[in-house]
file data.cif (mmCIF, C-alpha atoms and all ligand atoms)
data_run
#
loop_
_atom_site.label_atom_id
_atom_site.label_comp_id
_atom_site.auth_asym_id
_atom_site.auth_seq_id
_atom_site.Cartn_x
_atom_site.Cartn_y
_atom_site.Cartn_z
CA MET A 28 -72.97 208.81 125.49
CA THR A 29 -71.71 210.68 122.44
CA LYS A 30 -72.92 209.92 118.91
CA LYS A 31 -69.54 208.31 118.18
CA ASP A 32 -69.79 205.96 121.23
CA GLU A 33 -73.27 205.00 120.11
CA LYS A 34 -71.99 204.17 116.64
CA THR A 35 -69.15 202.00 117.93
CA LYS A 36 -71.67 200.02 120.01
CA LYS A 37 -73.50 199.05 116.82
CA ASN A 38 -72.47 195.62 115.63
CA ALA A 39 -70.30 195.09 118.74
CA PRO A 40 -69.94 191.39 119.71
CA LEU A 41 -72.81 189.81 121.64
CA ILE A 42 -73.40 186.44 123.29
CA GLY A 43 -75.66 183.93 121.51
CA ILE A 44 -76.97 180.71 123.08
CA ASP A 45 -78.57 177.83 121.19
CA ILE A 46 -80.75 175.50 123.29
CA GLY A 47 -81.03 172.10 121.61
CA GLY A 48 -82.31 168.69 122.63
CA SER A 49 -78.85 167.24 123.18
CA GLY A 50 -76.62 170.26 123.74
CA ILE A 51 -76.73 173.86 124.92
CA LYS A 52 -74.20 175.78 122.84
CA GLY A 53 -72.96 179.30 123.18
CA GLY A 54 -70.49 181.70 121.69
CA ILE A 55 -69.45 185.32 121.39
CA VAL A 56 -70.64 186.55 118.01
CA ASP A 57 -68.86 189.08 115.86
CA LEU A 58 -71.83 190.78 114.21
CA LYS A 59 -69.71 192.40 111.53
CA LYS A 60 -68.60 189.04 110.16
CA GLY A 61 -71.35 186.72 111.40
CA LYS A 62 -68.69 184.51 112.97
CA LEU A 63 -67.77 183.41 116.46
CA VAL A 64 -64.97 185.12 118.33
CA GLY A 65 -63.11 182.25 119.98
CA ASP A 66 -64.44 178.76 120.53
CA ARG A 67 -67.97 177.54 120.77
CA LEU A 68 -68.91 176.21 124.20
CA ARG A 69 -71.16 173.16 124.50
CA VAL A 70 -72.71 171.60 127.59
CA PRO A 71 -74.99 168.54 127.30
CA THR A 72 -78.66 169.41 127.78
CA PRO A 73 -79.72 168.22 131.25
CA GLN A 74 -82.23 165.38 131.33
CA PRO A 75 -85.04 165.89 132.04
CA ALA A 76 -84.71 169.23 130.28
CA THR A 77 -86.97 171.13 132.65
CA PRO A 78 -87.01 174.94 132.60
CA GLU A 79 -85.04 175.22 135.87
CA ALA A 80 -82.38 172.72 134.79
CA VAL A 81 -81.96 174.30 131.34
CA ALA A 82 -81.84 177.83 132.80
CA ALA A 83 -79.03 176.72 135.14
CA VAL A 84 -76.95 175.43 132.20
CA VAL A 85 -77.64 178.57 130.15
CA ALA A 86 -76.39 180.62 133.13
CA GLN A 87 -73.28 178.44 133.37
CA VAL A 88 -72.50 178.91 129.65
CA VAL A 89 -73.08 182.69 129.81
CA THR A 90 -70.87 182.98 132.91
CA GLU A 91 -68.06 181.08 131.23
CA LEU A 92 -68.30 183.12 128.03
CA SER A 93 -68.44 186.36 130.06
CA SER A 94 -65.15 185.54 131.76
CA ARG A 95 -63.28 185.60 128.45
CA PRO A 96 -61.13 188.66 127.73
CA ASP A 97 -63.07 189.51 124.55
CA ALA A 98 -66.50 189.13 126.18
CA PRO A 99 -69.08 191.90 125.66
CA PRO A 100 -69.91 194.09 128.73
CA ALA A 101 -71.59 192.19 131.60
CA ASP A 102 -74.85 194.10 131.16
CA SER A 103 -75.14 193.54 127.41
CA PRO A 104 -78.19 191.59 126.24
CA VAL A 105 -78.01 187.89 125.39
CA GLY A 106 -79.81 186.14 122.52
CA VAL A 107 -81.19 182.64 123.08
CA THR A 108 -82.82 180.11 120.75
CA PHE A 109 -85.45 177.56 121.75
CA PRO A 110 -86.88 174.66 119.70
CA GLY A 111 -90.54 175.71 119.90
CA ILE A 112 -92.91 178.57 119.08
CA ILE A 113 -91.87 181.73 120.92
CA GLN A 114 -94.26 184.64 121.02
CA HIS A 115 -93.64 187.64 123.27
CA GLY A 116 -91.07 185.57 125.14
CA VAL A 117 -93.51 182.74 125.94
CA VAL A 118 -93.15 179.11 124.76
CA HIS A 119 -96.24 177.98 122.85
CA SER A 120 -95.23 174.54 121.61
CA ALA A 121 -93.09 171.72 122.92
CA ALA A 122 -93.04 169.07 120.19
CA ASN A 123 -89.55 167.76 120.99
CA VAL A 124 -88.87 169.22 124.43
CA ASP A 125 -90.06 168.67 128.00
CA HIS A 126 -93.75 169.52 128.20
CA SER A 127 -93.26 171.60 131.33
CA TRP A 128 -92.01 174.34 128.96
CA LEU A 129 -95.51 174.94 127.57
CA ASN A 130 -96.75 178.47 128.37
CA MET A 131 -93.52 179.21 130.22
CA ASP A 132 -92.30 182.80 129.98
CA ILE A 133 -88.76 181.76 128.99
CA ASP A 134 -87.75 185.37 128.49
CA ALA A 135 -88.67 186.27 132.08
CA LEU A 136 -87.12 183.06 133.45
CA LEU A 137 -83.76 183.67 131.77
CA THR A 138 -83.76 187.43 132.39
CA ALA A 139 -84.17 186.77 136.13
CA ARG A 140 -81.56 184.01 136.11
CA LEU A 141 -78.90 185.87 134.08
CA ARG A 142 -79.70 189.28 135.52
CA ARG A 143 -79.27 190.88 132.11
CA PRO A 144 -81.65 191.49 129.18
CA VAL A 145 -82.51 188.38 127.16
CA GLU A 146 -84.28 187.88 123.82
CA VAL A 147 -85.55 184.43 122.92
CA ILE A 148 -86.24 183.28 119.36
CA ASN A 149 -87.27 179.98 117.75
CA ASP A 150 -84.19 177.91 116.79
CA ALA A 151 -85.01 177.64 113.07
CA ASP A 152 -85.89 181.35 112.92
CA ALA A 153 -82.44 182.09 114.35
CA ALA A 154 -80.76 179.85 111.76
CA GLY A 155 -82.82 181.60 109.08
CA LEU A 156 -81.74 185.07 110.22
CA ALA A 157 -78.10 183.95 110.19
CA GLU A 158 -78.34 182.46 106.69
CA ALA A 159 -80.19 185.51 105.35
CA ARG A 160 -77.57 187.90 106.70
CA TYR A 161 -74.29 186.04 106.35
CA GLY A 162 -74.97 182.77 104.54
CA ALA A 163 -76.65 181.19 101.54
CA GLY A 164 -79.54 183.70 101.58
CA GLU A 165 -77.43 186.87 101.67
CA GLY A 166 -78.84 189.48 99.30
CA VAL A 167 -81.66 187.26 98.01
CA ARG A 168 -84.91 189.21 97.45
CA GLY A 169 -88.36 187.69 97.78
CA THR A 170 -89.19 184.61 99.82
CA VAL A 171 -86.40 182.41 101.17
CA LEU A 172 -87.37 179.32 103.15
CA VAL A 173 -84.79 177.86 105.48
CA ILE A 174 -85.72 174.31 106.46
CA THR A 175 -83.73 172.61 109.24
CA LEU A 176 -83.69 168.83 109.34
CA GLY A 177 -82.81 167.54 112.80
CA THR A 178 -84.80 165.96 115.64
CA GLY A 179 -87.78 167.76 114.14
CA ILE A 180 -88.19 169.92 111.06
CA GLY A 181 -87.79 173.62 111.69
CA SER A 182 -88.50 176.43 109.27
CA ALA A 183 -87.76 180.10 108.82
CA PHE A 184 -89.73 182.30 106.45
CA ILE A 185 -87.60 185.19 105.21
CA PHE A 186 -88.95 187.89 102.92
CA ASN A 187 -86.56 190.50 101.48
CA GLY A 188 -84.10 189.63 104.25
CA LYS A 189 -86.67 190.06 107.04
CA LEU A 190 -87.96 187.23 109.19
CA VAL A 191 -91.66 186.38 109.40
CA PRO A 192 -91.43 184.52 112.74
CA ASN A 193 -92.84 181.18 113.86
CA ALA A 194 -93.64 179.53 110.54
CA GLU A 195 -94.04 175.93 111.72
CA LEU A 196 -93.69 174.22 108.36
CA GLY A 197 -92.30 171.06 109.94
CA HIS A 198 -95.80 170.32 111.16
CA LEU A 199 -97.53 170.41 107.79
CA GLU A 200 -99.68 167.32 107.45
CA ILE A 201 -98.50 165.29 104.47
CA ASP A 202 -100.12 161.99 103.47
CA GLY A 203 -101.85 161.88 106.86
CA PHE A 204 -98.69 162.40 108.93
CA ASP A 205 -97.06 165.29 110.70
CA ALA A 206 -94.22 165.93 108.20
CA GLU A 207 -91.43 165.95 110.78
CA SER A 208 -92.47 162.55 112.13
CA LYS A 209 -91.42 161.00 108.78
CA ALA A 210 -88.95 163.35 107.11
CA SER A 211 -86.72 164.73 109.88
CA ALA A 212 -83.09 163.61 110.07
CA VAL A 213 -83.84 161.66 113.24
CA ALA A 214 -86.79 159.91 111.53
CA ARG A 215 -84.42 158.83 108.74
CA GLU A 216 -82.08 157.22 111.28
CA ARG A 217 -84.93 155.74 113.32
CA ASP A 218 -86.47 154.16 110.21
CA GLY A 219 -83.10 153.01 108.83
CA LEU A 220 -83.69 154.72 105.47
CA SER A 221 -81.09 154.80 102.70
CA TRP A 222 -80.35 158.21 101.19
CA ALA A 223 -82.39 157.20 98.12
CA GLU A 224 -85.39 156.30 100.29
CA TYR A 225 -85.05 159.43 102.37
CA SER A 226 -84.79 161.60 99.25
CA VAL A 227 -88.23 160.39 98.16
CA LEU A 228 -89.71 161.68 101.43
CA LEU A 229 -87.83 164.97 101.14
CA GLN A 230 -88.98 165.35 97.53
CA ARG A 231 -92.60 164.94 98.65
CA TYR A 232 -92.11 167.41 101.48
CA PHE A 233 -90.26 170.11 99.54
CA SER A 234 -92.61 169.84 96.52
CA HIS A 235 -95.54 170.50 98.81
CA VAL A 236 -93.89 173.49 100.49
CA GLU A 237 -92.86 174.80 97.06
CA PHE A 238 -96.44 174.53 95.84
CA LEU A 239 -97.70 176.47 98.89
CA PHE A 240 -95.15 179.31 98.90
CA SER A 241 -93.27 179.48 95.56
CA PRO A 242 -90.07 180.64 97.26
CA GLU A 243 -87.04 182.01 95.40
CA LEU A 244 -84.69 179.76 97.34
CA PHE A 245 -84.69 176.82 99.75
CA ILE A 246 -81.83 176.55 102.24
CA VAL A 247 -81.44 173.23 104.03
CA GLY A 248 -79.97 173.43 107.54
CA GLY A 249 -79.38 171.12 110.48
CA GLY A 250 -76.46 168.74 111.00
CA ILE A 251 -77.56 166.69 107.99
CA SER A 252 -76.77 169.60 105.65
CA LYS A 253 -73.14 168.38 105.83
CA ARG A 254 -74.35 165.35 103.85
CA ALA A 255 -76.35 167.43 101.35
CA ASP A 256 -74.53 165.71 98.46
CA GLU A 257 -76.35 162.50 99.39
CA PHE A 258 -79.85 163.88 98.93
CA LEU A 259 -80.00 167.24 97.12
CA PRO A 260 -78.87 165.85 93.72
CA ARG A 261 -81.67 163.26 93.91
CA MET A 262 -84.36 165.92 94.24
CA SER A 263 -86.10 167.82 91.49
CA LEU A 264 -87.76 171.17 92.21
CA ARG A 265 -88.23 174.36 90.24
CA THR A 266 -86.79 176.28 93.21
CA PRO A 267 -83.02 176.29 93.75
CA ILE A 268 -82.16 174.31 96.90
CA VAL A 269 -78.79 174.69 98.64
CA PRO A 270 -77.19 173.63 101.93
CA ALA A 271 -76.89 176.13 104.77
CA GLU A 272 -73.50 177.79 105.02
CA LEU A 273 -73.22 178.54 108.73
CA LYS A 274 -73.48 174.90 109.83
CA ASN A 275 -73.21 174.40 113.60
CA ASP A 276 -73.03 178.07 114.46
CA ALA A 277 -76.19 179.27 112.69
CA GLY A 278 -78.34 179.18 115.86
CA ILE A 279 -75.80 181.01 118.00
CA VAL A 280 -75.20 183.67 115.33
CA GLY A 281 -78.95 184.06 114.70
CA ALA A 282 -79.66 184.46 118.42
CA ALA A 283 -77.12 187.30 118.54
CA ILE A 284 -78.64 188.94 115.43
CA GLU A 285 -82.10 188.83 117.00
CA VAL A 286 -80.97 190.45 120.23
CA ALA A 287 -78.95 193.05 118.31
CA LEU A 288 -81.94 193.94 116.13
CA THR A 289 -84.36 194.12 119.07
CA HIS A 290 -82.02 196.32 121.09
CA LYS A 291 -81.12 198.41 118.05
CA LEU A 292 -77.48 197.33 118.28
CA ALA A 293 -77.40 196.36 114.61
CA LYS A 294 -79.21 197.33 111.45
C1 LIG B 301 -90.70 172.66 116.48
C2 LIG B 301 -90.11 173.92 115.91
C3 LIG B 301 -88.60 173.81 115.87
C4 LIG B 301 -88.19 172.56 115.13
C5 LIG B 301 -86.69 172.36 115.08
C6 LIG B 301 -90.21 171.46 115.69
O1 LIG B 301 -90.74 170.30 116.24
O2 LIG B 301 -92.12 172.69 116.42
O3 LIG B 301 -90.51 175.03 116.68
O4 LIG B 301 -88.09 174.94 115.23
O5 LIG B 301 -88.79 171.41 115.71
O6 LIG B 301 -86.16 172.25 116.37
#
call {"tool": "encode", "arguments": {"input": "data.cif", "output": "structure tokens", "more": "lines below"}}
Ligand code: BGC
result
Amino acid sequence: MTKKDEKTKKNAPLIGIDIGGSGIKGGIVDLKKGKLVGDRLRVPTPQPATPEAVAAVVAQVVTELSSRPDAPPADSPVGVTFPGIIQHGVVHSAANVDHSWLNMDIDALLTARLRRPVEVINDADAAGLAEARYGAGEGVRGTVLVITLGTGIGSAFIFNGKLVPNAELGHLEIDGFDAESKASAVARERDGLSWAEYSVLLQRYFSHVEFLFSPELFIVGGGISKRADEFLPRMSLRTPIVPAELKNDAGIVGAAIEVALTHKLAK
């Protein structure tokens, strides 16, 4: 391969897959723009969401995306998110997913299934990478904390644009409870809380995280960030706090960034 070919490969589109509790979503990611090329594909997460069942759906999504005319080459690596701690490709927590995932080498499982290189990253870490590169955290120096409010609470710790992986700030113990059990978006619905009531819990949570890390910026992600107007104005912190910008695609885009960085296909 000539130097020029190598250069054109940098930032070429890659496939990103976001494994969630209710849906497995995928897309072809334009790494120059941080946007999807074509539509996002979503298949409901199989129940029970065992490793074999999930791997089969991931393979189905990758196959469908690969058949599109603008798909990356069939041997190009795929980035995948997972809602648990991922270290060296192995799942080390399963707070909101089937417990059979614990200690599973998800990287090896998916690599064998897809027959192409795979990189797996925590879902909130992926959203954090996407926000830091193309969204609300672009160009921000110092510590940026991306907090995703969904079924659980996910977090990404970004310093000078680089990810410090697997910060599990959703599991901080606050007032005797695992924070996500009270302050996630799903907990709000489960407990029938008004936005005013929920904002009190978020205030408590974010004040504590602010005290521990003194970040430059908080970015709030997850589906609930669409309703940020309902809760952000009710909160008072010394740190600026803004909604995520990439919305539904943050995980897919972040998965593609991770695989591009690991395989030196992006800077
Ligand atoms: C998990 C995290 C995950 C978050 C959001 C938490 O329960 O421990 O790893 O990022 O949920 O899905």
call {"tool": "atom_distance", "arguments": {"input": "data.cif", "atom1": "atom CA of Ala293 of chain A", "atom2": "atom CA of Ile55 of chain A"}}
result
15.2 Å
call {"tool": "atom_distance", "arguments": {"input": "data.cif", "atom1": "atom CA of Val213 of chain A", "atom2": "atom CA of Ile251 of chain A"}}
result
9.6 Å
call {"tool": "closest_atom_pairs", "arguments": {"input": "data.cif", "of": "chain A", "to": "ligand LIG 301 (chain B)", "cutoff": "9 Å", "atoms": "all atoms listed in the file", "output": "CSV"}}
result
residue,atom,partner,partner_atom,distance
A:Gly47,CA,B:LIG301,O6,7.3
A:Gly48,CA,B:LIG301,O6,8.2
A:Phe109,CA,B:LIG301,O4,7.5
A:Pro110,CA,B:LIG301,O6,4.2
A:Gly111,CA,B:LIG301,O3,3.3
A:Ile112,CA,B:LIG301,O3,4.9
A:Ile113,CA,B:LIG301,O3,8.0
A:His119,CA,B:LIG301,O3,8.9
A:Ser120,CA,B:LIG301,O2,6.3
A:Ala121,CA,B:LIG301,O2,6.6
A:Ala122,CA,B:LIG301,O1,4.7
A:Asn123,CA,B:LIG301,O1,5.5
A:Val124,CA,B:LIG301,O1,8.5
A:Asn149,CA,B:LIG301,O4,5.7
A:Asp150,CA,B:LIG301,O4,5.1
A:Ala151,CA,B:LIG301,O4,4.6
A:Asp152,CA,B:LIG301,O4,7.2
A:Ile174,CA,B:LIG301,C5,8.9
A:Thr175,CA,B:LIG301,C5,6.6
A:Leu176,CA,B:LIG301,C5,7.4
A:Gly177,CA,B:LIG301,C5,6.6
A:Thr178,CA,B:LIG301,O6,6.5
A:Gly179,CA,B:LIG301,O5,4.1
A:Ile180,CA,B:LIG301,C4,4.9
A:Gly181,CA,B:LIG301,C4,3.6
A:Ser182,CA,B:LIG301,O4,6.2
A:Ala183,CA,B:LIG301,O4,8.2
A:Asn193,CA,B:LIG301,O3,7.2
A:Ala194,CA,B:LIG301,O3,8.2
A:Glu195,CA,B:LIG301,O2,6.0
A:Leu196,CA,B:LIG301,O2,8.4
A:Gly197,CA,B:LIG301,C6,6.1
A:His198,CA,B:LIG301,O2,6.8
A:Glu207,CA,B:LIG301,O1,7.0
A:Ser208,CA,B:LIG301,O1,8.9
A:Gly249,CA,B:LIG301,C5,8.7
call {"tool": "write_last_selection", "arguments": {"input": "data.cif", "atoms": "C-alpha atoms", "output": "PDB file, in the coordinates of the input"}}
result
ATOM      1  CA  GLY A  47     -81.030 172.100 121.610  1.00  0.00           C
ATOM      2  CA  GLY A  48     -82.310 168.690 122.630  1.00  0.00           C
ATOM      3  CA  PHE A 109     -85.450 177.560 121.750  1.00  0.00           C
ATOM      4  CA  PRO A 110     -86.880 174.660 119.700  1.00  0.00           C
ATOM      5  CA  GLY A 111     -90.540 175.710 119.900  1.00  0.00           C
ATOM      6  CA  ILE A 112     -92.910 178.570 119.080  1.00  0.00           C
ATOM      7  CA  ILE A 113     -91.870 181.730 120.920  1.00  0.00           C
ATOM      8  CA  HIS A 119     -96.240 177.980 122.850  1.00  0.00           C
ATOM      9  CA  SER A 120     -95.230 174.540 121.610  1.00  0.00           C
ATOM     10  CA  ALA A 121     -93.090 171.720 122.920  1.00  0.00           C
ATOM     11  CA  ALA A 122     -93.040 169.070 120.190  1.00  0.00           C
ATOM     12  CA  ASN A 123     -89.550 167.760 120.990  1.00  0.00           C
ATOM     13  CA  VAL A 124     -88.870 169.220 124.430  1.00  0.00           C
ATOM     14  CA  ASN A 149     -87.270 179.980 117.750  1.00  0.00           C
ATOM     15  CA  ASP A 150     -84.190 177.910 116.790  1.00  0.00           C
ATOM     16  CA  ALA A 151     -85.010 177.640 113.070  1.00  0.00           C
ATOM     17  CA  ASP A 152     -85.890 181.350 112.920  1.00  0.00           C
ATOM     18  CA  ILE A 174     -85.720 174.310 106.460  1.00  0.00           C
ATOM     19  CA  THR A 175     -83.730 172.610 109.240  1.00  0.00           C
ATOM     20  CA  LEU A 176     -83.690 168.830 109.340  1.00  0.00           C
ATOM     21  CA  GLY A 177     -82.810 167.540 112.800  1.00  0.00           C
ATOM     22  CA  THR A 178     -84.800 165.960 115.640  1.00  0.00           C
ATOM     23  CA  GLY A 179     -87.780 167.760 114.140  1.00  0.00           C
ATOM     24  CA  ILE A 180     -88.190 169.920 111.060  1.00  0.00           C
ATOM     25  CA  GLY A 181     -87.790 173.620 111.690  1.00  0.00           C
ATOM     26  CA  SER A 182     -88.500 176.430 109.270  1.00  0.00           C
ATOM     27  CA  ALA A 183     -87.760 180.100 108.820  1.00  0.00           C
ATOM     28  CA  ASN A 193     -92.840 181.180 113.860  1.00  0.00           C
ATOM     29  CA  ALA A 194     -93.640 179.530 110.540  1.00  0.00           C
ATOM     30  CA  GLU A 195     -94.040 175.930 111.720  1.00  0.00           C
ATOM     31  CA  LEU A 196     -93.690 174.220 108.360  1.00  0.00           C
ATOM     32  CA  GLY A 197     -92.300 171.060 109.940  1.00  0.00           C
ATOM     33  CA  HIS A 198     -95.800 170.320 111.160  1.00  0.00           C
ATOM     34  CA  GLU A 207     -91.430 165.950 110.780  1.00  0.00           C
ATOM     35  CA  SER A 208     -92.470 162.550 112.130  1.00  0.00           C
ATOM     36  CA  GLY A 249     -79.380 171.120 110.480  1.00  0.00           C
TER      37      GLY A 249
END
call {"tool": "residues_around", "arguments": {"input": "data.cif", "residues": "segment 167-169 of chain A", "least_positions_apart": "2", "cutoff": "6 Å", "atoms": "all atoms listed in the file", "output": "JSON, numbers by chain"}}
result
{"A": [164, 165, 186, 187]}
call {"tool": "residues_around", "arguments": {"input": "data.cif", "residues": "Glu272 of chain A", "least_positions_apart": "4", "cutoff": "10 Å", "atoms": "only C-alpha atoms", "output": "ChimeraX atom specification"}}
result
/A:157-158,161-164,246-248,252-253,276-277
call {"tool": "write_last_selection", "arguments": {"input": "data.cif", "atoms": "C-alpha atoms", "output": "mmCIF file, keeping the file's coordinate frame"}}
result
data_model
loop_
_atom_site.group_PDB
_atom_site.id
_atom_site.type_symbol
_atom_site.label_atom_id
_atom_site.label_comp_id
_atom_site.auth_asym_id
_atom_site.auth_seq_id
_atom_site.Cartn_x
_atom_site.Cartn_y
_atom_site.Cartn_z
ATOM 1 C CA ALA A 157 -78.100 183.950 110.190
ATOM 2 C CA GLU A 158 -78.340 182.460 106.690
ATOM 3 C CA TYR A 161 -74.290 186.040 106.350
ATOM 4 C CA GLY A 162 -74.970 182.770 104.540
ATOM 5 C CA ALA A 163 -76.650 181.190 101.540
ATOM 6 C CA GLY A 164 -79.540 183.700 101.580
ATOM 7 C CA ILE A 246 -81.830 176.550 102.240
ATOM 8 C CA VAL A 247 -81.440 173.230 104.030
ATOM 9 C CA GLY A 248 -79.970 173.430 107.540
ATOM 10 C CA SER A 252 -76.770 169.600 105.650
ATOM 11 C CA LYS A 253 -73.140 168.380 105.830
ATOM 12 C CA ASP A 276 -73.030 178.070 114.460
ATOM 13 C CA ALA A 277 -76.190 179.270 112.690
#
call {"tool": "axis_aligned_box", "arguments": {"input": "data.cif", "around": "segment 92-104 of chain A", "padding_each_side": "5 Å", "output": "AutoDock Vina command-line options"}}
result
--center_x -69.7 --center_y 188.6 --center_z 128.2 --size_x 27.1 --size_y 21.0 --size_z 17.2
call {"tool": "residues_around", "arguments": {"input": "data.cif", "residues": "Phe258 of chain A", "least_positions_apart": "3", "cutoff": "7 Å", "atoms": "all atoms listed in the file", "output": "ChimeraX atom specification"}}
result
/A:222,226,255,261-262
call {"tool": "residues_near_point", "arguments": {"input": "data.cif", "point": "(-85.1, 172.7, 135.2)", "cutoff": "12 Å", "atoms": "all atoms listed in the file", "output": "list in words"}}
result
Thr72, Pro73, Gln74, Pro75, Ala76, Thr77, Pro78, Glu79, Ala80, Val81, Ala82, Ala83, Val84, Val85, Ala86, Val124, Asp125, His126, Ser127, Trp128, Met131, Ile133, Leu136, Leu137 and Arg140 of chain A
call {"tool": "write_last_selection", "arguments": {"input": "data.cif", "atoms": "C-alpha atoms", "output": "PDB file, in the frame of the given file"}}
result
ATOM      1  CA  THR A  72     -78.660 169.410 127.780  1.00  0.00           C
ATOM      2  CA  PRO A  73     -79.720 168.220 131.250  1.00  0.00           C
ATOM      3  CA  GLN A  74     -82.230 165.380 131.330  1.00  0.00           C
ATOM      4  CA  PRO A  75     -85.040 165.890 132.040  1.00  0.00           C
ATOM      5  CA  ALA A  76     -84.710 169.230 130.280  1.00  0.00           C
ATOM      6  CA  THR A  77     -86.970 171.130 132.650  1.00  0.00           C
ATOM      7  CA  PRO A  78     -87.010 174.940 132.600  1.00  0.00           C
ATOM      8  CA  GLU A  79     -85.040 175.220 135.870  1.00  0.00           C
ATOM      9  CA  ALA A  80     -82.380 172.720 134.790  1.00  0.00           C
ATOM     10  CA  VAL A  81     -81.960 174.300 131.340  1.00  0.00           C
ATOM     11  CA  ALA A  82     -81.840 177.830 132.800  1.00  0.00           C
ATOM     12  CA  ALA A  83     -79.030 176.720 135.140  1.00  0.00           C
ATOM     13  CA  VAL A  84     -76.950 175.430 132.200  1.00  0.00           C
ATOM     14  CA  VAL A  85     -77.640 178.570 130.150  1.00  0.00           C
ATOM     15  CA  ALA A  86     -76.390 180.620 133.130  1.00  0.00           C
ATOM     16  CA  VAL A 124     -88.870 169.220 124.430  1.00  0.00           C
ATOM     17  CA  ASP A 125     -90.060 168.670 128.000  1.00  0.00           C
ATOM     18  CA  HIS A 126     -93.750 169.520 128.200  1.00  0.00           C
ATOM     19  CA  SER A 127     -93.260 171.600 131.330  1.00  0.00           C
ATOM     20  CA  TRP A 128     -92.010 174.340 128.960  1.00  0.00           C
ATOM     21  CA  MET A 131     -93.520 179.210 130.220  1.00  0.00           C
ATOM     22  CA  ILE A 133     -88.760 181.760 128.990  1.00  0.00           C
ATOM     23  CA  LEU A 136     -87.120 183.060 133.450  1.00  0.00           C
ATOM     24  CA  LEU A 137     -83.760 183.670 131.770  1.00  0.00           C
ATOM     25  CA  ARG A 140     -81.560 184.010 136.110  1.00  0.00           C
TER      26      ARG A 140
END
call {"tool": "residues_around", "arguments": {"input": "data.cif", "residues": "segment 88-104 of chain A", "least_positions_apart": "4", "cutoff": "12 Å", "atoms": "all atoms listed in the file", "output": "ChimeraX atom specification"}}
result
/A:36,38-46,50-58,63-72,81-84,134,137-138,140-147,282-292
call {"tool": "atom_distance", "arguments": {"input": "data.cif", "atom1": "atom CA of Lys37 of chain A", "atom2": "atom CA of Gln87 of chain A"}}
result
26.4 Å
call {"tool": "closest_residue", "arguments": {"input": "data.cif", "among": "A:Ser263, A:Ser211, A:Asn130, A:Ser49", "to": "Gln230 of chain A", "atoms": "all atoms listed in the file"}}
result
A:Ser263
